[in-house]
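Novice: What follows is a single structure, and I will ask about it in a moment.
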Amino acid sequence: MGEYLERETKGICLSVPKNEDTDLIVRFIGDWLAPRKCNLLVLLTRYGYKFESRPECASQNAISKENMVKIREACKRNGIKLVPKMNLMGHQSEKSKDSMDGLLRAHPEFDETPDAGEVFYCRSLCPSHPEIKPVIFDLMDELSEVCESDALHIGCDEVFDIGLCERCRATKKSAADIFADWVNALAGHLRKKGRRAYMWGDRLLSEKTGYGFWEASGNGTEDAINKIAKDIMICDWHYGDMDAYVSVDIFGSHGFDFLVCPWRYKENAAKFLTYANAHGKENLKGFLATTWHGSAAIAKHILNIEKSGDETVQNLASTLNELFV
């Protein structure tokens, strides 16, 4: 399947491992990803790093600096670009206040919906809070530096709660402007440090495209596609079986460099990559395979250390074996 998309980037998004699984992931990088010509690892870290600049924001059992360096050095040895990933708008926790982790656990004042005991999906941060940027920028800088990366994935997918708090409403900005201003602030900070922003593309697409409300916006953020910086790398994720993946045409025509991002179902991934190869312009740079499962279980299954009975892991393994050939 990897040959269906004739572009330079062959990437995978893996969750940051538990400390005790670090050596396993280092082995997976060297023994499986590298021989199959993977050249990009987006490491889904969120607040799961033992931050020193803002230790209050680190998740429990966060990966240590020592173990993050092991992953960094494994990527270096094998010619794989390491891009750490955070979630810097939505996905701050699960639905309830009791689930707050990382940033919102340490700074509940940054919650976009502070009066809501439970939200529709995941809690979001408030981009209008006057004290939030210094905290976020410190976290971005530290994670980028320990990974020695020239890029950071800022997340920003599935943002359902935006423009709701008093501060955001007082700005009288549209949802698109709130979203774009925040994304541009994050990308601008990275740019000043010589780094590039990666982000998910779903909030830049309208539901009118035919994508559902998970994969496209229904709350007005889609106009941000005309407002955010063009040097941001867009990660265009879609997992369903569709006749046309029109986001490929949309991001291509808007001039963004972008990656197409399939998931676990092999047939759907093949259709997505085939469409992208046929319709993508020069700014389509390749693919980024998403996994959305514990990286240790995936590695153990693929390396034949411990076969998983989980259907998601089995489907992922089958798809990854086709993508990375």
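Ordering of the structure tokens sets the chain letters (A, B, ...), residue numbers begin anew at 1 in every chain, and ligands are numbered from 1 in the order given.
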So that I can see what lies close to Lys85 in chain A, please list as a list of chain:residue names the residues with an atom at most 7 Å from it, counting only C-alpha atoms and leaving out residues fewer than 5 positions away in the same chain.
Specialist: A:Val42, A:Leu43, A:Leu44, A:Thr45, A:Arg46, A:Leu152, A:His153, A:Ile154, A:Gly155
Novice: Hey, what does DSSP flag as helix (DSSP H, G or I) within range 74-211 of chain A? Can you give it to me as a PyMOL selection string?
Specialist: chain A and resi 74-77+97-99+102-106+108-110+132-146+166-171+175-192+202-204+207-209
Novice: Let me see the file: selected residues, C-alpha atoms, as a tab-separated table (two decimals), in the first residue's frame.
Specialist:
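The file below, again06.tsv, is the result:
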```tsv
chain	number	residue	atom	x	y	z
A	74	ALA	CA	17.12	5.85	18.30
A	75	CYS	CA	15.45	8.09	15.75
A	76	LYS	CA	18.75	9.85	15.01
A	77	ARG	CA	20.60	6.58	14.48
A	97	LYS	CA	-13.91	17.95	35.66
A	98	ASP	CA	-12.75	14.87	37.53
A	99	SER	CA	-10.83	13.78	34.43
A	102	GLY	CA	-1.90	18.02	32.70
A	103	LEU	CA	-2.55	21.69	32.02
A	104	LEU	CA	-6.11	21.90	33.35
A	105	ARG	CA	-5.35	19.89	36.45
A	106	ALA	CA	-2.57	22.35	37.28
A	108	PRO	CA	-8.17	24.93	36.06
A	109	GLU	CA	-8.50	28.65	35.36
A	110	PHE	CA	-7.54	27.85	31.74
A	132	ILE	CA	-1.95	30.99	29.24
A	133	LYS	CA	0.65	31.67	26.54
A	134	PRO	CA	3.74	31.81	28.80
A	135	VAL	CA	2.80	28.44	30.27
A	136	ILE	CA	2.10	26.81	26.91
A	137	PHE	CA	5.22	28.29	25.31
A	138	ASP	CA	7.42	26.93	28.10
A	139	LEU	CA	5.99	23.45	27.60
A	140	MET	CA	6.39	23.65	23.82
A	141	ASP	CA	9.98	24.81	24.11
A	142	GLU	CA	11.04	22.18	26.63
A	143	LEU	CA	9.50	19.27	24.73
A	144	SER	CA	10.96	20.46	21.41
A	145	GLU	CA	14.39	20.92	22.97
A	146	VAL	CA	14.62	17.52	24.64
A	166	GLU	CA	-16.80	35.09	29.11
A	167	ARG	CA	-13.33	36.08	27.98
A	168	CYS	CA	-13.76	34.61	24.50
A	169	ARG	CA	-17.25	36.04	24.10
A	170	ALA	CA	-15.97	39.47	25.15
A	171	THR	CA	-13.56	39.50	22.20
A	175	ALA	CA	-14.97	30.92	16.11
A	176	ALA	CA	-12.75	30.96	13.01
A	177	ASP	CA	-10.88	34.03	14.23
A	178	ILE	CA	-10.41	32.65	17.75
A	179	PHE	CA	-9.11	29.40	16.31
A	180	ALA	CA	-6.86	31.03	13.71
A	181	ASP	CA	-5.41	33.58	16.13
A	182	TRP	CA	-4.50	30.81	18.58
A	183	VAL	CA	-2.99	28.56	15.92
A	184	ASN	CA	-1.01	31.48	14.51
A	185	ALA	CA	0.27	32.36	17.99
A	186	LEU	CA	1.53	28.82	18.50
A	187	ALA	CA	3.01	28.60	15.00
A	188	GLY	CA	4.57	32.03	15.37
A	189	HIS	CA	6.28	31.08	18.61
A	190	LEU	CA	7.68	27.95	17.00
A	191	ARG	CA	8.80	29.90	13.95
A	192	LYS	CA	10.81	32.32	16.10
A	202	ASP	CA	-10.25	18.64	10.55
A	203	ARG	CA	-11.21	22.04	12.03
A	204	LEU	CA	-10.26	23.67	8.72
A	207	GLU	CA	-19.18	19.57	7.16
A	208	LYS	CA	-20.47	20.57	3.72
A	209	THR	CA	-17.55	18.60	2.29
```
Novice: With distances taken over only C-alpha atoms, which of A:Phe251, A:Tyr239, A:Phe51, A:Trp200 is nearest to Glu267 in chain A?
Specialist: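 For Glu267 in chain A, the nearest of the given residues is A:Tyr239.
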Novice: Have a look at A:Ile25, A:Cys13, A:Ala244, A:Met89 and name the one nearest to Ile302 in chain A; count only C-alpha atoms.
Specialist: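 Checking each candidate against Ile302 in chain A, we get A:Ile25 as the closest.
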Novice: What is the CA of Gly280 in chain A-CA of Ala197 in chain A distance in Å, reported with one decimal?
Specialist: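 The value is 21.0 Å.
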Novice: Excluding Ala216 in chain A and residues on its chain fewer than 3 positions from it, collect all residues at most 12 Å away from it, counting only C-alpha atoms, and give them as number ranges by chain.
Specialist: A: 157-160, 200-213, 219-223, 225, 236-238, 246-247
Novice: Save out the residues we just selected, N, CA and C atoms, as a CSV table (one decimal), in the first residue's frame.
Specialist:
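And here's out31.csv as it stands now:
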```csv
chain,number,residue,atom,x,y,z
A,157,ASP,N,-7.2,19.2,17.0
A,157,ASP,CA,-8.3,18.5,16.4
A,157,ASP,C,-9.5,18.4,17.3
A,158,GLU,N,-10.7,18.1,16.7
A,158,GLU,CA,-11.9,17.9,17.4
A,158,GLU,C,-12.2,18.9,18.5
A,159,VAL,N,-12.1,20.1,18.1
A,159,VAL,CA,-12.4,21.2,19.1
A,159,VAL,C,-13.9,21.6,19.0
A,160,PHE,N,-14.6,21.2,20.0
A,160,PHE,CA,-16.1,21.4,20.0
A,160,PHE,C,-16.5,22.6,20.8
A,200,TRP,N,-3.5,18.9,13.0
A,200,TRP,CA,-4.5,18.2,12.4
A,200,TRP,C,-5.4,19.1,11.5
A,201,GLY,N,-6.0,18.7,10.5
A,201,GLY,CA,-6.7,19.5,9.5
A,201,GLY,C,-8.2,19.6,9.7
A,202,ASP,N,-8.8,18.8,10.6
A,202,ASP,CA,-10.2,18.6,10.6
A,202,ASP,C,-11.0,19.9,10.8
A,203,ARG,N,-10.5,20.8,11.7
A,203,ARG,CA,-11.2,22.0,12.0
A,203,ARG,C,-11.1,23.1,10.9
A,204,LEU,N,-10.4,22.8,9.9
A,204,LEU,CA,-10.3,23.7,8.7
A,204,LEU,C,-11.2,23.3,7.6
A,205,LEU,N,-11.9,22.2,7.8
A,205,LEU,CA,-12.9,21.7,6.8
A,205,LEU,C,-14.3,21.9,7.2
A,206,SER,N,-15.2,22.1,6.3
A,206,SER,CA,-16.6,22.3,6.6
A,206,SER,C,-17.3,20.9,6.5
A,207,GLU,N,-18.3,20.8,7.3
A,207,GLU,CA,-19.2,19.6,7.2
A,207,GLU,C,-19.8,19.5,5.8
A,208,LYS,N,-19.9,20.6,5.1
A,208,LYS,CA,-20.5,20.6,3.7
A,208,LYS,C,-19.6,19.7,2.7
A,209,THR,N,-18.4,19.4,3.1
A,209,THR,CA,-17.6,18.6,2.3
A,209,THR,C,-18.0,17.2,2.2
A,210,GLY,N,-18.9,16.8,3.2
A,210,GLY,CA,-19.4,15.4,3.2
A,210,GLY,C,-18.7,14.6,4.3
A,211,TYR,N,-17.7,15.2,4.9
A,211,TYR,CA,-17.1,14.5,6.1
A,211,TYR,C,-18.0,14.8,7.3
A,212,GLY,N,-18.0,13.9,8.3
A,212,GLY,CA,-18.9,14.1,9.5
A,212,GLY,C,-18.3,15.1,10.4
A,213,PHE,N,-19.0,15.3,11.6
A,213,PHE,CA,-18.6,16.4,12.5
A,213,PHE,C,-17.4,16.0,13.3
A,219,ASN,N,-18.9,24.1,13.8
A,219,ASN,CA,-19.1,25.2,14.7
A,219,ASN,C,-18.4,26.5,14.2
A,220,GLY,N,-18.1,26.5,12.9
A,220,GLY,CA,-17.6,27.8,12.3
A,220,GLY,C,-16.1,28.0,12.2
A,221,THR,N,-15.3,27.0,12.6
A,221,THR,CA,-13.9,27.2,12.6
A,221,THR,C,-13.3,27.0,11.2
A,222,GLU,N,-14.1,26.5,10.3
A,222,GLU,CA,-13.6,26.1,8.9
A,222,GLU,C,-13.0,27.3,8.2
A,223,ASP,N,-13.5,28.5,8.4
A,223,ASP,CA,-13.0,29.7,7.7
A,223,ASP,C,-11.5,30.0,8.1
A,225,ILE,N,-9.1,28.3,7.6
A,225,ILE,CA,-8.2,27.8,6.6
A,225,ILE,C,-7.7,29.0,5.8
A,236,ASP,N,-3.9,15.6,7.5
A,236,ASP,CA,-5.3,15.4,7.0
A,236,ASP,C,-5.8,14.0,7.3
A,237,TRP,N,-6.5,13.8,8.4
A,237,TRP,CA,-6.9,12.4,8.8
A,237,TRP,C,-8.3,12.1,8.4
A,238,HIS,N,-8.5,10.9,7.8
A,238,HIS,CA,-9.8,10.4,7.5
A,238,HIS,C,-9.8,8.9,7.5
A,246,VAL,N,-12.1,14.7,-0.6
A,246,VAL,CA,-12.0,16.1,-1.2
A,246,VAL,C,-11.0,17.0,-0.4
A,247,SER,N,-10.7,16.6,0.9
A,247,SER,CA,-9.8,17.4,1.6
A,247,SER,C,-8.4,17.5,0.9
```
Novice: Report, in Å to a single decimal, how far apart CA of Leu316 in chain A and CA of Gln60 in chain A are.
Specialist: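 These two atoms are separated by 27.3 Å.
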Novice: Find, counting only C-alpha atoms, the residue in A:Ile63, A:Cys57, A:Leu164, A:Glu322 that gets nearest to Lys18 in chain A.
Specialist: A:Ile63
